[in-house]
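Peer 1: Below you will find the structure I want to go over with you.
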Amino acid sequence: MSVQVPEIPTPLVFEQSRPGRRASTFPAHGLPVPEVPPELARGRAPRLPELAEPELVRHFTGLADRTFGVDTGFYPLGSCTMKHNPRMNERVVSLPGFRDLHPLQEEDGAQGALELMWRLQEILAEVAGLDAVTLQPAAGSQGELTGLMLMRAYFADRGEGGVRDTVFVADTAHGTNPASVTMAGYKLEKVGTDARGNLDLEVLRERVNERTAGLMLTNPSTLGLFDESIEEVARIFHDAGALLYYDGANLNAVCGISRPGDMGFDIVHYNLHKTFSQPHGGGGPGGGPVAVRGKLEPFLPVPAVVRDGDRFRFDYDRPKSIGKVRGFAGPFGVFVRAYAYIRSYGPGLRAMSEAAVLNANYVLARLREAYDLPFDRLCMHEFVLSARNLKRDHGVTALDVAKRLMDYRFHPPTIYFPLIVPEALMIEPTETEPKERLDAFADAMLAIAREAAVERELVKGAPHRRPVKRVDEVQAAKRAIVRYRFDDHPRLSGGPAPAAGAAVEAQKGA
Ligand SMILES: Cc1ncc(COP(=O)(O)O)c(C=O)c1O
């Protein structure tokens, strides 16, 4: 006999607050209370939740239990490269010499950190097949903007600034590409994809001209396909005097195998947090260094990290530099982890990409009969399937498949991207997954395709086994409640109401 256990609501932390409760107490400090000018002093104490330590620990542990991460299970989020983060990286980034270093430490006392940055620059330049690197940008998207600012500075320096006003972007591009082009003040021109998943060469031959500043492209593309005409693409742009920008979000496919610089790209950004592991997601932390060909080096942000014999230092003496794009020298902790990841592979970095490509092709081979495959080619580190066959035959969409995967304890792949594939499911296993895990995932995807045919409602109502069930996507997007409105907050958790007057009291106690 199965016993139904009612679901226990999870109250918000503010709903659990009771005036005067504390998680910790500090000894009286006896320090003078600083005088704050009245115009700067806040009118009332901040409304902080008041909880005893056990309840506080339970609250946050409970939230952690409800979330899903790479340490919980398989996370094949295409284009986001969610690979295992080796614990060794966390260990080295916590070494006091790195952890406690102040960004304003004088160079003599920070030689180790500067050397690490310089060595990382050297490795990244080699991986890209280009000449110089800045580590400053804090994310791929900021790397994009920085790269386009470099493009702008380069053409301005040549007296072509007013003429070259257009940048081409592929229709498979990540949304940040067109956004960066627009932010950098360029006109955007979209270029389509042909039947094999390559850039449409005819369109490029027709439209690239003396007004073109450049192309932004990721290769392999977000379809997981390596552009078979990349040399011809580069020729078209270079013949017109334009530059090629490489969005390195998919670099995990090609490290040590092919280099963007050899393909003809002049500017490259890396997503350190993807390719070289990093606990990322939810907006950070990230690193988006940029590599360039020698002719663009004078425009790189300051300070550059340079080596003079056995010494390392910051070089600010770059009169043509576009200036600073981030505080201090960039996201240093990210550099340490990326460097540790790279060094753990050593000269065998190629093995990383080969395993990533092999894993993706293995999963693709197992799924190709059950889902539509819009571009039937060997893939690189990721691939894009379409659930349009399930939608056509059973009314089951990519979103339904994604939600049902959560019942099988897998993180969904990226869905509905790239935009040119209807009902897209973009799957990126990464190199850090064993065959058993890949098989379990493929089994789940195949089971869902079967369920779509025989138990449609099961798939459409999923997830059934997660703490948060199917949400109203429209309401969630249009009426997101992102802050606690003390006096009239809707009881979203279904938990107990706050004690009478608790919110008001909380202000005094805080
Ligand atoms: C293809 C591609 N380009 C650029 C970016 C932007 O990188 P970031 O999230 O680090 O800003 C992403 C992020 O997912 C991406 O997938």
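By order of appearance in the structure tokens: chains A, B, ..., then residues from 1 within every chain, and ligands from 1 in the order shown.
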Neighbours of ligand 1 at 9 Å or closer, counting only C-alpha atoms and all ligand atoms: which residues, as a tab-separated table (two decimals) with C-alpha atoms, in the first residue's frame?
Peer 2:
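File produced: result.tsv:
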```tsv
chain	number	residue	atom	x	y	z
A	78	GLY	CA	24.86	23.31	-25.02
A	79	SER	CA	27.18	26.27	-25.60
A	80	CYS	CA	27.68	26.72	-21.84
A	81	THR	CA	30.32	23.98	-21.39
A	138	ALA	CA	35.33	39.60	-17.13
A	139	ALA	CA	33.14	37.48	-19.45
A	140	GLY	CA	32.77	36.34	-23.02
A	141	SER	CA	30.35	39.15	-23.76
A	142	GLN	CA	32.77	41.74	-22.39
A	143	GLY	CA	35.51	40.13	-24.47
A	144	GLU	CA	33.27	40.63	-27.51
A	172	THR	CA	23.32	30.96	-35.53
A	173	ALA	CA	25.09	33.51	-33.28
A	174	HIS	CA	24.62	33.80	-29.55
A	175	GLY	CA	22.51	36.86	-28.66
A	176	THR	CA	25.53	38.61	-27.18
A	177	ASN	CA	27.13	38.90	-30.66
A	217	LEU	CA	31.73	34.03	-35.84
A	218	THR	CA	32.12	31.07	-33.59
A	221	SER	CA	29.16	27.22	-34.75
A	222	THR	CA	26.41	26.91	-32.18
A	247	ASP	CA	33.77	34.03	-30.55
A	248	GLY	CA	35.68	31.45	-28.51
A	249	ALA	CA	32.70	30.10	-26.63
A	250	ASN	CA	33.14	26.83	-28.54
A	269	HIS	CA	37.89	35.89	-27.10
A	270	TYR	CA	38.03	32.90	-24.75
A	271	ASN	CA	35.45	31.93	-22.18
A	272	LEU	CA	37.89	30.83	-19.47
A	273	HIS	CA	34.95	29.76	-17.31
A	274	LYS	CA	33.79	27.31	-19.97
A	281	GLY	CA	26.52	30.01	-13.96
A	283	GLY	CA	26.17	35.33	-14.06
A	284	GLY	CA	29.65	34.55	-12.86
A	285	PRO	CA	32.45	34.44	-12.08
A	286	GLY	CA	33.90	34.52	-15.56
A	287	GLY	CA	36.88	35.50	-17.63
A	288	GLY	CA	36.87	36.63	-21.26
```
Peer 1: Show me, as a PyMOL selection string, the residues that have an atom within 9 Å of Glu231 of chain A when counting only C-alpha atoms, minus same-chain residues fewer than 5 positions from it.
Peer 2: chain A and resi 236+263-264
Peer 1: With C-alpha atoms retained, export the selected residues as an mmCIF file, in the first residue's frame.
Peer 2:
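As a result, selection.cif now contains:
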```cif
data_model
loop_
_atom_site.group_PDB
_atom_site.id
_atom_site.type_symbol
_atom_site.label_atom_id
_atom_site.label_comp_id
_atom_site.auth_asym_id
_atom_site.auth_seq_id
_atom_site.Cartn_x
_atom_site.Cartn_y
_atom_site.Cartn_z
ATOM 1 C CA ILE A 236 36.466 37.223 -48.608
ATOM 2 C CA MET A 263 41.836 29.778 -39.757
ATOM 3 C CA GLY A 264 42.303 33.499 -40.493
#
```
Peer 1: Give the answer as one residue: which of A:Arg119, A:Arg58, A:Arg350, A:Arg259 has the shortest atom-to-atom distance to Ile230 of chain A, using only C-alpha atoms?
Peer 2: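 Once distances to Ile230 of chain A are computed over only C-alpha atoms, the minimum belongs to A:Arg259.
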Peer 1: I'd like to know which of A:Glu428, A:Glu436, A:Asp407, A:Asp131 is closest to Arg470 of chain A, using only C-alpha atoms.
Peer 2: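 Checking each of A:Glu428, A:Glu436, A:Asp407, A:Asp131 against Arg470 of chain A, counting only C-alpha atoms, the winner is A:Asp407.
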Peer 1: To test your reading of the structure, identify every residue in segment 45-267 of chain A that backbone DSSP assigns to helix (DSSP H, G or I), and report it as number ranges by chain.
Peer 2: A: 53-66, 87-93, 96-99, 107-128, 140-157, 176-183, 201-207, 230-239, 251-253, 260-263
Peer 1: Which of these, A:Leu251, A:Ala23, A:Leu135, A:Leu124, has the shortest distance to Gly330 of chain A once you count only C-alpha atoms?
Peer 2: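 Checking each of A:Leu251, A:Ala23, A:Leu135, A:Leu124 against Gly330 of chain A, counting only C-alpha atoms, the winner is A:Leu135.
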Peer 1: For atom CA of Ala128 of chain A and atom CA of Phe237 of chain A, determine how far apart the two atoms are, in Å to one decimal place.
Peer 2: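 Atom CA of Ala128 of chain A sits 19.0 Å away from atom CA of Phe237 of chain A.
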Peer 1: Determine which residues of segment 353-402 of chain A DSSP labels as strand (DSSP E or B) from the backbone of this structure, then write them out as number ranges by chain.
Peer 2: A: 372, 383-386
Peer 1: For Leu296 of chain A, list every protein, DNA or RNA residue within 8 Å, evaluated using only C-alpha atoms, and leave out those in the same chain fewer than 4 positions away; present the list as a PDB file with all heavy atoms, in the first residue's frame.
Peer 2:
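Written file, result_4.pdb:
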```
ATOM      1  N   LEU A 150      38.581  47.165 -30.175  1.00  0.00           N
ATOM      2  CA  LEU A 150      39.925  47.068 -30.775  1.00  0.00           C
ATOM      3  C   LEU A 150      39.820  47.241 -32.299  1.00  0.00           C
ATOM      4  O   LEU A 150      40.643  47.915 -32.932  1.00  0.00           O
ATOM      5  CB  LEU A 150      40.553  45.718 -30.451  1.00  0.00           C
ATOM      6  CG  LEU A 150      40.885  45.466 -28.983  1.00  0.00           C
ATOM      7  CD1 LEU A 150      41.275  44.008 -28.751  1.00  0.00           C
ATOM      8  CD2 LEU A 150      42.015  46.384 -28.529  1.00  0.00           C
ATOM      9  N   MET A 151      38.793  46.606 -32.870  1.00  0.00           N
ATOM     10  CA  MET A 151      38.555  46.727 -34.309  1.00  0.00           C
ATOM     11  C   MET A 151      38.357  48.198 -34.695  1.00  0.00           C
ATOM     12  O   MET A 151      38.945  48.718 -35.634  1.00  0.00           O
ATOM     13  CB  MET A 151      37.264  45.944 -34.623  1.00  0.00           C
ATOM     14  CG  MET A 151      37.115  45.473 -36.029  1.00  0.00           C
ATOM     15  SD  MET A 151      35.535  44.589 -36.235  1.00  0.00           S
ATOM     16  CE  MET A 151      35.998  42.903 -36.107  1.00  0.00           C
ATOM     17  N   TYR A 154      41.567  50.166 -34.390  1.00  0.00           N
ATOM     18  CA  TYR A 154      42.479  49.808 -35.489  1.00  0.00           C
ATOM     19  C   TYR A 154      42.095  50.574 -36.771  1.00  0.00           C
ATOM     20  O   TYR A 154      42.952  51.189 -37.413  1.00  0.00           O
ATOM     21  CB  TYR A 154      42.405  48.298 -35.707  1.00  0.00           C
ATOM     22  CG  TYR A 154      43.065  47.792 -36.964  1.00  0.00           C
ATOM     23  CD1 TYR A 154      44.454  47.673 -37.052  1.00  0.00           C
ATOM     24  CD2 TYR A 154      42.305  47.421 -38.075  1.00  0.00           C
ATOM     25  CE1 TYR A 154      45.060  47.200 -38.218  1.00  0.00           C
ATOM     26  CE2 TYR A 154      42.895  46.946 -39.232  1.00  0.00           C
ATOM     27  CZ  TYR A 154      44.272  46.836 -39.299  1.00  0.00           C
ATOM     28  OH  TYR A 154      44.864  46.372 -40.449  1.00  0.00           O
ATOM     29  N   VAL A 292      44.926  38.831 -30.028  1.00  0.00           N
ATOM     30  CA  VAL A 292      44.917  39.561 -31.306  1.00  0.00           C
ATOM     31  C   VAL A 292      46.186  39.285 -32.114  1.00  0.00           C
ATOM     32  O   VAL A 292      47.212  38.886 -31.570  1.00  0.00           O
ATOM     33  CB  VAL A 292      44.825  41.095 -31.085  1.00  0.00           C
ATOM     34  CG1 VAL A 292      43.490  41.501 -30.502  1.00  0.00           C
ATOM     35  CG2 VAL A 292      45.968  41.602 -30.213  1.00  0.00           C
ATOM     36  N   LEU A 300      45.477  47.112 -27.373  1.00  0.00           N
ATOM     37  CA  LEU A 300      44.982  46.306 -26.239  1.00  0.00           C
ATOM     38  C   LEU A 300      44.847  47.158 -24.977  1.00  0.00           C
ATOM     39  O   LEU A 300      45.553  48.157 -24.810  1.00  0.00           O
ATOM     40  CB  LEU A 300      45.943  45.147 -25.956  1.00  0.00           C
ATOM     41  CG  LEU A 300      45.910  43.969 -26.939  1.00  0.00           C
ATOM     42  CD1 LEU A 300      46.953  42.925 -26.553  1.00  0.00           C
ATOM     43  CD2 LEU A 300      44.530  43.326 -27.010  1.00  0.00           C
TER      44      LEU A 300
END
```
Peer 1: Can you list, as a list in words, every protein, DNA or RNA residue that comes within 7 Å of Ala442 of chain A when you count only C-alpha atoms, leaving out same-chain residues fewer than 2 positions away?
Peer 2: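 In the requested format, the answer is Val363, Arg366, Leu367, Leu438, Asp439, Ala440, Ala444, Met445 and Leu446 of chain A.
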Peer 1: Keeping only C-alpha atoms, write the selected residues to a file as a short mmCIF file (atom, residue, chain, number, x, y, z; two decimals), in the first residue's frame.
Peer 2:
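Below you can see out_2.cif, which holds the result:
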```
data_model
loop_
_atom_site.label_atom_id
_atom_site.label_comp_id
_atom_site.auth_asym_id
_atom_site.auth_seq_id
_atom_site.Cartn_x
_atom_site.Cartn_y
_atom_site.Cartn_z
CA VAL A 363 25.57 10.62 -27.69
CA ARG A 366 22.66 7.01 -29.89
CA LEU A 367 19.92 9.64 -30.33
CA LEU A 438 26.44 9.34 -21.34
CA ASP A 439 24.56 6.06 -21.76
CA ALA A 440 22.22 6.85 -18.88
CA ALA A 444 16.55 8.79 -20.69
CA MET A 445 16.22 10.77 -23.95
CA LEU A 446 15.12 7.60 -25.76
#
```
Peer 1: Measuring between only C-alpha atoms, which one of A:Asn85, A:Gln16, A:Gln475, A:Ser353 shows the shortest distance to Tyr341 of chain A?
Peer 2: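 That would be A:Asn85, the residue with the smallest distance to Tyr341 of chain A.
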Peer 1: Identify, on the basis of only C-alpha atoms, every residue whose closest approach to Ala170 of chain A does not exceed 12 Å; exclude the query and any residue fewer than 3 positions from it along the same chain; express the result as a PyMOL selection string.
Peer 2: chain A and resi 167+173-178+188-194+197-201+203-204+214-223+227+233+245-247+418-420
Peer 1: Please measure the separation of atom CA of Gly241 of chain A and atom CA of Thr182 of chain A, giving the value in Å to one decimal.
Peer 2: 20.8 Å
Peer 1: For atom CA of Arg326 of chain A and atom CA of Asp165 of chain A, quote the distance in Å rounded to one decimal.
Peer 2: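 Distance between the two atoms: 25.6 Å.
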